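As stored in coords29.cif (mmCIF, C-alpha atoms):
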```cif
data_run
loop_
_atom_site.label_atom_id
_atom_site.label_comp_id
_atom_site.auth_asym_id
_atom_site.auth_seq_id
_atom_site.Cartn_x
_atom_site.Cartn_y
_atom_site.Cartn_z
CA MET A 995 41.03 31.13 10.91
CA LYS A 996 37.78 29.22 11.30
CA ILE A 997 36.13 28.09 8.05
CA ALA A 998 32.86 26.26 7.31
CA ILE A 999 32.65 24.08 4.22
CA GLY A 1000 29.67 22.44 2.57
CA ASN A 1001 29.20 20.48 -0.63
CA ASP A 1002 26.78 18.30 -2.50
CA HIS A 1003 27.48 15.08 -4.38
CA ALA A 1004 29.59 16.87 -7.02
CA GLY A 1005 32.23 17.92 -4.51
CA PRO A 1006 33.37 15.30 -1.99
CA ASP A 1007 36.83 14.94 -3.55
CA TYR A 1008 37.17 18.74 -3.80
CA LYS A 1009 36.14 19.16 -0.18
CA LYS A 1010 38.63 16.53 0.98
CA ALA A 1011 41.53 18.22 -0.84
CA ILE A 1012 40.52 21.67 0.38
CA ILE A 1013 40.21 20.50 3.99
CA GLU A 1014 43.65 18.85 3.80
CA PHE A 1015 45.10 22.13 2.49
CA LEU A 1016 43.33 24.21 5.16
CA GLU A 1017 44.37 21.96 8.02
CA LYS A 1018 48.02 22.09 6.87
CA GLN A 1019 47.67 25.88 7.15
CA ASP A 1020 46.40 25.44 10.75
CA HIS A 1021 42.86 26.58 9.96
CA GLU A 1022 39.95 25.09 11.88
CA VAL A 1023 37.37 23.57 9.54
CA ILE A 1024 33.72 22.78 10.21
CA ASN A 1025 32.57 20.21 7.65
CA TYR A 1026 28.90 20.24 6.66
CA GLY A 1027 29.37 18.51 3.32
CA THR A 1028 28.52 15.05 2.15
CA ASP A 1029 31.26 12.48 1.66
CA SER A 1030 29.22 10.57 -0.90
CA GLU A 1031 28.56 10.92 -4.61
CA ALA A 1032 24.96 9.79 -4.04
CA SER A 1033 22.55 12.53 -5.13
CA VAL A 1034 21.67 15.03 -2.39
CA ASP A 1035 20.17 18.52 -2.26
CA TYR A 1036 22.77 21.32 -2.13
CA PRO A 1037 20.64 23.62 0.10
CA ASP A 1038 20.92 21.06 2.89
CA PHE A 1039 24.68 21.64 2.92
CA GLY A 1040 24.77 25.34 1.99
CA HIS A 1041 22.43 26.67 4.67
CA PRO A 1042 24.56 25.46 7.63
CA VAL A 1043 27.63 27.17 6.11
CA ALA A 1044 25.66 30.39 5.56
CA ILE A 1045 24.30 30.34 9.12
CA ASP A 1046 27.83 30.04 10.49
CA VAL A 1047 29.00 32.98 8.36
CA GLU A 1048 25.87 35.01 9.16
CA THR A 1049 26.28 34.49 12.92
CA LYS A 1050 30.04 35.03 12.74
CA LYS A 1051 30.73 31.56 14.12
CA VAL A 1052 33.32 31.31 11.32
CA ASP A 1053 35.47 33.77 9.42
CA PHE A 1054 34.71 32.40 5.94
CA GLY A 1055 32.68 29.80 4.13
CA ILE A 1056 33.40 27.52 1.20
CA VAL A 1057 30.59 25.90 -0.78
CA ILE A 1058 30.82 23.44 -3.66
CA CYS A 1059 28.30 22.06 -6.12
CA GLY A 1060 28.36 21.05 -9.77
CA SER A 1061 28.00 24.52 -11.30
CA GLY A 1062 28.56 26.49 -8.11
CA ASN A 1063 25.39 28.43 -8.90
CA GLY A 1064 22.70 26.64 -6.90
CA ILE A 1065 24.65 26.57 -3.68
CA ALA A 1066 25.74 30.21 -4.15
CA MET A 1067 22.12 31.25 -4.64
CA THR A 1068 21.23 29.36 -1.47
CA VAL A 1069 23.84 30.92 0.79
CA ASN A 1070 23.27 34.41 -0.61
CA LYS A 1071 19.73 34.33 0.83
CA HIS A 1072 21.27 34.86 4.28
CA GLN A 1073 21.87 38.38 5.57
CA GLY A 1074 25.51 39.37 5.68
CA VAL A 1075 26.58 36.56 3.36
CA ARG A 1076 28.34 37.61 0.17
CA ALA A 1077 29.09 34.46 -1.80
CA ALA A 1078 31.09 34.74 -4.99
CA LEU A 1079 31.04 32.10 -7.71
CA CYS A 1080 34.69 31.71 -8.69
CA TRP A 1081 36.37 29.70 -11.42
CA THR A 1082 39.80 31.36 -11.51
CA LYS A 1083 42.24 32.68 -8.92
CA GLU A 1084 41.82 36.15 -10.40
CA ILE A 1085 38.06 36.12 -9.81
CA ALA A 1086 38.59 34.81 -6.28
CA GLU A 1087 41.02 37.64 -5.62
CA LEU A 1088 38.65 40.31 -6.96
CA ALA A 1089 35.75 38.83 -4.99
CA ARG A 1090 37.66 39.54 -1.79
CA LEU A 1091 39.46 42.70 -2.88
CA HIS A 1092 36.45 44.57 -4.29
CA ASN A 1093 33.35 42.78 -2.96
CA ASP A 1094 34.44 41.66 0.51
CA ALA A 1095 33.06 38.20 -0.28
CA ASN A 1096 32.95 35.97 2.77
CA VAL A 1097 31.98 32.76 0.97
CA ILE A 1098 33.61 31.26 -2.10
CA SER A 1099 31.45 29.06 -4.30
CA ILE A 1100 33.31 26.53 -6.41
CA PRO A 1101 31.92 24.83 -9.55
CA ALA A 1102 33.25 21.28 -9.23
CA ARG A 1103 32.26 20.30 -12.78
CA PHE A 1104 34.15 23.22 -14.31
CA THR A 1105 37.37 23.41 -12.29
CA SER A 1106 40.05 20.94 -11.32
CA ILE A 1107 40.88 20.11 -7.73
CA PRO A 1108 44.25 21.93 -7.93
CA GLN A 1109 42.44 25.00 -9.34
CA ALA A 1110 39.91 24.87 -6.51
CA VAL A 1111 42.62 24.66 -3.83
CA ALA A 1112 44.50 27.56 -5.47
CA MET A 1113 41.31 29.65 -5.55
CA VAL A 1114 40.68 28.98 -1.86
CA GLU A 1115 44.25 29.94 -1.02
CA THR A 1116 43.95 33.19 -2.98
CA PHE A 1117 40.52 33.95 -1.51
CA LEU A 1118 41.70 33.51 2.07
CA ASN A 1119 44.94 35.45 1.55
CA THR A 1120 43.34 38.50 -0.06
CA ALA A 1121 42.15 41.35 2.13
CA PHE A 1122 39.22 43.59 1.30
CA GLU A 1123 40.50 46.83 -0.23
CA GLY A 1124 37.78 49.02 1.28
CA GLY A 1125 37.85 52.62 0.11
CA ARG A 1126 35.49 53.25 -2.81
CA HIS A 1127 34.37 49.61 -2.63
CA GLN A 1128 33.02 49.89 0.92
CA ASN A 1129 30.09 52.08 -0.12
CA ARG A 1130 29.14 49.56 -2.79
CA VAL A 1131 29.36 46.62 -0.41
CA ASN A 1132 27.17 48.52 2.05
CA LYS A 1133 24.44 48.64 -0.61
CA ILE A 1134 24.35 44.88 -1.28
CA ALA A 1135 22.13 43.68 1.58
CA CYS A 1136 18.35 44.10 1.50
CA GLN A 1137 17.11 45.20 4.90
#
```
Please re-express this file's structure in structure tokens.
Amino acid sequence: MKIAIGNDHAGPDYKKAIIEFLEKQDHEVINYGTDSEASVDYPDFGHPVAIDVETKKVDFGIVICGSGNGIAMTVNKHQGVRAALCWTKEIAELARLHNDANVISIPARFTSIPQAVAMVETFLNTAFEGGRHQNRVNKIACQ
């Protein structure tokens, strides 16, 4: 799988752990995130991830900021991007299973690194259920 990841200053350690996990699973990772804890603007790191998902350059995206909200709002502005703010494995699973989310947004200030890695693993290993959920997903985008 090919995965784009982006983060602001709240998530460099999270990104590093997630990339290590993904590379051990033989996934290709495109890193748009900062490696510094110096203050930066999350849209600068979210938009490149969203563009890669939107253009199907990657299979999935991962975005990280302090609350997970700002960067999720940013990437969800792109057509075809369905970012889900997740703080448990169960929410990550439902985001894929029922909503066909293609980006997971992680709140670095409210989850631990092991939780974040576990959520990413669950997210990537859960298939969209389709069926009754497909009609709902089809109604998400504004066109």
**Q.** Among the residues A:Ile1134, A:Ile1100, A:Val1052, A:Ala1086, the one that comes closest to A:Thr1116 [using only C-alpha atoms]
**A.**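 Between A:Ile1134, A:Ile1100, A:Val1052, A:Ala1086, the residue approaching A:Thr1116 most closely is A:Ala1086.
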Q. At what distance in Å, to one decimal, does atom CA of A:Ile1098 lie from atom CA of A:Asp1035?
A.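 We find that atom CA of A:Asp1035 and atom CA of A:Ile1098 lie 18.5 Å from each other.
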Q. Residues at most 9 Å from A:Phe1117, counting all atoms listed in the file, excluding those fewer than 6 positions away in the same chain, as a list of chain:residue names?
A.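 Once the adjacent positions are removed, what remains is A:Lys1083, A:Ile1085, A:Ala1086, A:Glu1087, A:Leu1088, A:Ala1089, A:Arg1090, A:Leu1091, A:Ala1095, A:Asn1096, A:Val1097, A:Ile1098.
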Q: Take the point (32.5, 33.7, 10.2) as written in the file and pick out every residue within 12 Å of it, counting only C-alpha atoms; give the list as a ChimeraX atom specification.
A: /A:995-999,1022-1024,1042-1056,1074-1076,1095-1097
Q) Could you write out as number ranges by chain the residues that the PyMOL selection byres ((chain A and resi 1006-1008) around 8) matches in the shown file? A) A: 1001-1005, 1009-1012, 1027-1031, 1058, 1102, 1107, 1110
Q: Work out how far apart atom CA of A:Cys1080 and atom CA of A:Met1113 are and give it in Å to one decimal.
A: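 Separating atom CA of A:Cys1080 from atom CA of A:Met1113 is a distance of 7.6 Å.
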Q: Pick out the closest residue to A:Phe1039 from this set: A:Cys1136, A:Ala1066, A:Ile1013, A:Val1114. Count all atoms listed in the file.
A: A:Ala1066
Q | Counting all atoms listed in the file, the residue of A:Glu1115, A:Ala1135, A:Phe1015, A:Asp1020 that sits nearest A:His1072 | A |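 Ranked by minimum distance to A:His1072, first place goes to A:Ala1135.
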Which polymer residues have any atom within 8 Å of an atom of A:Ile1065, counting all atoms listed in the file, with same-chain residues fewer than 2 positions away left out, as a PDB file with C-alpha atoms, in the frame of the given file?
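Once everything was written out, this is out.pdb:
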```pdb
ATOM      1  CA  TYR A1036      22.770  21.320  -2.130  1.00  0.00           C
ATOM      2  CA  PRO A1037      20.640  23.620   0.100  1.00  0.00           C
ATOM      3  CA  GLY A1040      24.770  25.340   1.990  1.00  0.00           C
ATOM      4  CA  VAL A1057      30.590  25.900  -0.780  1.00  0.00           C
ATOM      5  CA  ILE A1058      30.820  23.440  -3.660  1.00  0.00           C
ATOM      6  CA  CYS A1059      28.300  22.060  -6.120  1.00  0.00           C
ATOM      7  CA  GLY A1062      28.560  26.490  -8.110  1.00  0.00           C
ATOM      8  CA  ASN A1063      25.390  28.430  -8.900  1.00  0.00           C
ATOM      9  CA  MET A1067      22.120  31.250  -4.640  1.00  0.00           C
ATOM     10  CA  THR A1068      21.230  29.360  -1.470  1.00  0.00           C
ATOM     11  CA  VAL A1069      23.840  30.920   0.790  1.00  0.00           C
ATOM     12  CA  SER A1099      31.450  29.060  -4.300  1.00  0.00           C
TER      13      SER A1099
END
```
Q: Please measure the separation of atom CA of A:Thr1120 and atom CA of A:Asp1094, giving the value in Å to one decimal.
A: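 Between atom CA of A:Thr1120 and atom CA of A:Asp1094 the gap works out to 9.5 Å.
Of the residues under consideration (A:Tyr1026, A:His1092, A:Pro1101, A:His1127), A:Pro1101 shows the shortest atom-to-atom contact distance to A:Leu1079 when counting only C-alpha atoms.
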(Q) Calculated over all atoms listed in the file, which of the candidates A:Asn1132, A:Glu1017, A:Glu1123, A:Gly1060 has the smallest distance to A:Arg1103? (A)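 Distance minimum relative to A:Arg1103 lands on A:Gly1060.
Among the candidates A:Gly1124, A:Gly1000, A:Gly1064, A:Pro1108, the residue lying nearest to A:Asn1025 is A:Gly1000 (atoms considered: only C-alpha atoms).
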